[in-house]
Structures are given as C-alpha cells and as structure tokens.
Amino acid sequence: MLRPTLQGRYTDRLLLAVAGLLLVFGLVMVASASVAVAERQTGDMLYYFRRQLMFAVLGLGAGVFMYSVPMRHWSNAGFPLLGFGLVLLMLVLIPGVGHEVNGARRWLNLGPVNLQASEVARLCFILYLASYVTRHRAQVQTRIRGLLRPMLPLGLASVLLLAEPDFGSTAVLLAVAAVILFLAGAKLLHMVLLGAAGIGTLAMLLVSSPYRLKRLASFRDPFADPFDGGFQLTQSLIAIGRGEWTGVGFGNSIQKLLYLPETHTDFLFAVIAEELGLVGVVLLMLLFGLLVWRGFAVAQAASAREDYFAAYVAWAISAWVGLQAFINMAVNMGLLPTKGLTMPFISYGGSSLLVTCASLALLLRVDRENRMAARTDGPTRSAGAAR
C-alpha cells in the first residue's frame, strides 16, 4: 500500500530509515574508533568525527540534488558521465595534481578536502553502463560485441584504477558491471567468457605484483608474520575475538588505542565487533541486508513498469553497497585479502560518504518515480527506455 507524504510525494520509509540508521551509527562509531589516532595526529579527539559530520551534511545536500533530477536526465547523460569519470581517473595520476597517501595516488586535492576520484568515477560508470544497455538491449542479449563495446571504456577505467593502484575498486566496478549485464539479459556463455578473461587478467596482475603477493601470503597465514605483513589482520582478529557475544562496551575498545591501524577507516568493523560483539555485528549485517533487499524491490518495480534504465541503476547501486560492505567485513575477519575498501555509510571517508548518499538518493528517486507511476496508472519511462 502506498502511503503519501507531504505534497503528494511517496518514498520507501523503510529504505530511508535503514539508510538513516546506518549513517548515524557510522558517525557514532567513527567518533569512538578515532579518538586515539585523532588526538595523536591533531590534538583533537573529535577531529575525524567533526569532519565526518561535515561530510554527512554535504552528502545530504548532494542527495537532495540527485533526488531532484528525473531519471531520464541521467539516462541521457550517460556518455558525458563516462567521459567525466575517465578524466577524473586520469587527473589523479598526474604528478602535482593527484595526492598520494601511503603509496597510492587516489585523491585530488581540493583545498580543505581531498576527493577520491574512484568513488565519483564509479557512480559515473554505473550510470553510463545502465544507459548503454538500456539503449542497446537487443545487442547485449544476442551478440558478444554488445557486451564488449561498453566494457572497452570500463576496461580503460580499470587500467587507470590499477595504476593508482586500487585493486579493490577495480574488482567492485567489474563485479557491478557484470550484475548490470546479467540482468540486461546477456547470454550466459558470453558472460562466462568475459568473466574468465577479466578474472584471468586480475589474477595475472595479482601474481606479478610483489606487494600484492605479500598481502596474499599474509592473508593465508597472518600469524606467521604477526609483526610485519600480518600485523594488521592479526590485530583485527584480536579485536573481533575480544568482542565475544555482547562486546566490551561502547568506547571500551583496546585495539583502537593505536594497536590496530586504520581503526576509523578500513578496519572500523573490527572495532564495532570488539565494542558491540556478535550481537552488534549481526544487527549491522541485518541493516545492510534490509537496504539491499529494499533496493532490489525498487529495481524490480521499475523493471515491471519497463523503465529499464531506472531498474539497472537501482540494481547496481544496491549490489554495489551490499558487495562493498561484504568485502570490508570479510577483509576484517580474514576471509579476503586486504583491499583498502571502506564500508558504505560506516567508515570514515568524505568521498565515500558523499557518493554513498548521492547513490542512495538516486535509489529513492527511482522509488518515487515507481510510486508516482503507480498513482497515475501509467508508465513513466526514462528517455533511454522509451527508445
């Protein structure tokens, strides 16, 4: 049953509530996990919390903008968005323009903030690919060339991402692209061939890079070298183990006291497990599960009214958030090698939070158009879907 909000508009209240809970929970946990590192680096224990709160406000502003733009405009902007995303990835590799942190050149220095180019570019590529497969569904479903054409620019994007280097973002981008192509009706044989080529290429890059091989060795047995290559993972596992069923209590983590590196970014999940225990971890997983479920429901409703662009975007965003959250949790628990991926809504990171809020707003926009179409008993198709 549709429930009207103010001015006759509609929204999925459960989806909005889950996203809001994740955002608030992330702010609280960033405040807890970053106190020691913030005091050591800046002298202000709440430095990272205040910055994350600022980015949350900016993210809400970006979300309002994304929500206000009809999906047909994003469909028509697919190719320009592809170009914009590629330009961002190229700029970040230019010495003096791209900002390097811990050996990775992933950020553009914009004065008081650093923009992580891969976060913005990924959303641009999703919108481009959704627009392309909407306009060329017949070719995607029948010819392997229909798959290769959109994947060529995404292959270039992957090369640029690997040059930063950013192996994790590359894997997520290609996985989400595979989701869009599969749901667009691409032949399974074509998907298998394309997937095998992609996995083979990534595997070759993995074994040809000494530092990635070192990470892989540390992942397989972190306790074999607990004070060097395996240090981060062993400290994360210690934190998770200390949490047991109900945790040591909010704010009482020991590992965040400069034992576990990156406690407020890549390894915030370990602090959550230590302070809130298995109960807190399960509740967090349930929230992400609810968000993905509602996102898929929104996509299915858009597909039912034949607005395929909106459906592909909703499916891709839901899969992206769910996959990245899963990878982050798996890395913290030692189920996957370290990827350097944040947890959406939760981990500290301005670019990640901005883009996640903007992406969720697109999901809510699709939901609004679904409900408005149902209210008027007629389809409201994106420009690309009508062609």
# chains A, B, ... in the order shown; residues from 1 in each chain; ligands from 1
>>> residues_around(residues="range 22-27 of chain A", least_positions_apart="6", cutoff="12 Å", atoms="only C-alpha atoms", output="number ranges by chain")
A: 15-16, 33-34, 46, 48-57, 59-60, 250, 264-265, 268-269, 271-272, 276, 280, 283-291, 321, 325, 342-350, 352-354, 356-357, 360
>>> select_by_dssp(residues="range 10-73 of chain A", states="alpha helix (DSSP H)", output="MDAnalysis selection string")
chainID A and resid 13:33 35:42 47:68 71:73
>>> residues_around(residues="range 299-303 of chain A", least_positions_apart="2", cutoff="9 Å", atoms="only C-alpha atoms", output="PyMOL selection string")
chain A and resi 294-297+305-315+318+363+366-367+369-371+381
>>> atom_distance(atom1="CA of Ile126 in chain A", atom2="CA of Met90 in chain A")
18.0 Å
>>> residues_around(residues="Ala77 in chain A", least_positions_apart="3", cutoff="9 Å", atoms="only C-alpha atoms", output="list in words")
Arg72, His73, Trp74, Pro80, Leu81, Leu82, Leu127, Tyr128 and Ser131 of chain A
>>> write_last_selection(atoms="N, CA and C atoms", output="PDB file, in the first residue's frame")
ATOM      1  N   ARG A  72      15.301  10.305 -16.323  1.00  0.00           N
ATOM      2  CA  ARG A  72      15.509  10.417 -17.772  1.00  0.00           C
ATOM      3  C   ARG A  72      16.699  11.311 -18.096  1.00  0.00           C
ATOM      4  N   HIS A  73      16.980  12.306 -17.235  1.00  0.00           N
ATOM      5  CA  HIS A  73      18.135  13.174 -17.479  1.00  0.00           C
ATOM      6  C   HIS A  73      19.448  12.419 -17.255  1.00  0.00           C
ATOM      7  N   TRP A  74      19.478  11.564 -16.236  1.00  0.00           N
ATOM      8  CA  TRP A  74      20.680  10.761 -16.007  1.00  0.00           C
ATOM      9  C   TRP A  74      20.870   9.763 -17.145  1.00  0.00           C
ATOM     10  N   PRO A  80      28.463  11.595 -21.465  1.00  0.00           N
ATOM     11  CA  PRO A  80      29.240  12.638 -20.770  1.00  0.00           C
ATOM     12  C   PRO A  80      29.730  12.195 -19.392  1.00  0.00           C
ATOM     13  N   LEU A  81      28.915  11.417 -18.678  1.00  0.00           N
ATOM     14  CA  LEU A  81      29.343  10.933 -17.363  1.00  0.00           C
ATOM     15  C   LEU A  81      30.520   9.972 -17.482  1.00  0.00           C
ATOM     16  N   LEU A  82      30.510   9.138 -18.530  1.00  0.00           N
ATOM     17  CA  LEU A  82      31.651   8.261 -18.781  1.00  0.00           C
ATOM     18  C   LEU A  82      32.913   9.086 -18.988  1.00  0.00           C
ATOM     19  N   LEU A 127      26.091   4.725 -14.144  1.00  0.00           N
ATOM     20  CA  LEU A 127      25.056   5.424 -14.899  1.00  0.00           C
ATOM     21  C   LEU A 127      25.280   5.277 -16.402  1.00  0.00           C
ATOM     22  N   TYR A 128      26.542   5.337 -16.834  1.00  0.00           N
ATOM     23  CA  TYR A 128      26.846   5.145 -18.256  1.00  0.00           C
ATOM     24  C   TYR A 128      26.439   3.755 -18.715  1.00  0.00           C
ATOM     25  N   SER A 131      22.733   3.236 -18.911  1.00  0.00           N
ATOM     26  CA  SER A 131      22.198   3.938 -20.079  1.00  0.00           C
ATOM     27  C   SER A 131      22.487   3.168 -21.361  1.00  0.00           C
TER      28      SER A 131
END
>>> atom_distance(atom1="CA of Lys339 in chain A", atom2="CA of Gly168 in chain A")
4.9 Å
>>> select_by_dssp(residues="range 57-183 of chain A", states="strand (DSSP E or B)", output="list of chain:residue names")
A:Pro95, A:Gly98, A:His99, A:Glu100, A:Val101, A:Ala104, A:Arg105, A:Arg106, A:Trp107, A:Leu108, A:Asn109, A:Leu110, A:Val113, A:Asn114, A:Leu115, A:Gln116
>>> residues_around(residues="Glu100 in chain A", least_positions_apart="5", cutoff="12 Å", atoms="only C-alpha atoms", output="list in words")
Val92, Leu93, Ile94, Pro95, Arg105, Arg106, Trp107, Leu108, Asn109, Asn114, Leu115, Gln116, Glu164 and Pro165 of chain A
>>> write_last_selection(atoms="N, CA and C atoms", output="CSV table (one decimal), in the first residue's frame")
chain,number,residue,atom,x,y,z
A,92,VAL,N,44.0,12.2,-11.5
A,92,VAL,CA,44.6,11.8,-10.3
A,92,VAL,C,46.0,11.2,-10.4
A,93,LEU,N,46.3,10.7,-11.7
A,93,LEU,CA,47.6,10.1,-11.9
A,93,LEU,C,48.7,11.1,-12.3
A,94,ILE,N,48.3,12.4,-12.5
A,94,ILE,CA,49.2,13.4,-12.9
A,94,ILE,C,50.0,13.9,-11.7
A,95,PRO,N,51.3,13.9,-11.7
A,95,PRO,CA,52.1,14.4,-10.6
A,95,PRO,C,51.8,15.8,-10.3
A,105,ARG,N,48.1,6.9,-5.2
A,105,ARG,CA,47.7,8.2,-5.8
A,105,ARG,C,46.3,8.1,-6.2
A,106,ARG,N,45.4,8.4,-5.2
A,106,ARG,CA,43.9,8.2,-5.5
A,106,ARG,C,43.1,9.5,-5.2
A,107,TRP,N,43.7,10.6,-4.8
A,107,TRP,CA,43.0,11.7,-4.4
A,107,TRP,C,43.3,13.0,-5.2
A,108,LEU,N,42.3,13.8,-5.3
A,108,LEU,CA,42.5,15.1,-5.9
A,108,LEU,C,42.4,16.2,-4.8
A,109,ASN,N,43.4,17.0,-4.7
A,109,ASN,CA,43.5,18.0,-3.6
A,109,ASN,C,42.6,19.2,-4.0
A,114,ASN,N,40.1,16.3,0.3
A,114,ASN,CA,40.7,15.5,-0.8
A,114,ASN,C,39.6,14.7,-1.4
A,115,LEU,N,39.4,14.7,-2.7
A,115,LEU,CA,38.3,13.9,-3.4
A,115,LEU,C,38.9,12.7,-3.9
A,116,GLN,N,38.4,11.5,-3.5
A,116,GLN,CA,38.9,10.2,-4.0
A,116,GLN,C,38.2,10.0,-5.4
A,164,GLU,N,46.7,3.4,-9.9
A,164,GLU,CA,46.8,4.3,-8.7
A,164,GLU,C,47.7,3.8,-7.6
A,165,PRO,N,47.7,2.5,-7.2
A,165,PRO,CA,46.9,1.4,-7.6
A,165,PRO,C,45.6,1.2,-6.6
>>> decode(residues="range 132-155 of chain A", atoms="C-alpha atoms", output="CSV table (one decimal), in the first residue's frame")
chain,number,residue,atom,x,y,z
A,132,TYR,CA,24.1,1.9,-22.7
A,133,VAL,CA,22.4,-1.4,-22.0
A,134,THR,CA,19.0,0.3,-21.9
A,135,ARG,CA,19.5,1.7,-25.4
A,136,HIS,CA,21.2,-1.5,-26.8
A,137,ARG,CA,19.4,-4.3,-25.0
A,138,ALA,CA,18.9,-6.4,-28.2
A,139,GLN,CA,22.7,-6.3,-29.0
A,140,VAL,CA,23.6,-7.1,-25.4
A,141,GLN,CA,21.3,-10.1,-25.3
A,142,THR,CA,22.4,-11.5,-28.7
A,143,ARG,CA,25.9,-10.5,-29.6
A,144,ILE,CA,29.2,-10.7,-27.7
A,145,ARG,CA,30.0,-7.3,-29.4
A,146,GLY,CA,27.1,-5.9,-27.5
A,147,LEU,CA,29.0,-6.7,-24.2
A,148,LEU,CA,32.4,-5.7,-25.5
A,149,ARG,CA,31.5,-2.2,-26.6
A,150,PRO,CA,30.6,-0.9,-23.2
A,151,MET,CA,33.3,-2.9,-21.5
A,152,LEU,CA,36.1,-1.4,-23.5
A,153,PRO,CA,35.8,2.0,-21.8
A,154,LEU,CA,35.3,0.2,-18.5
A,155,GLY,CA,38.5,-1.7,-19.2
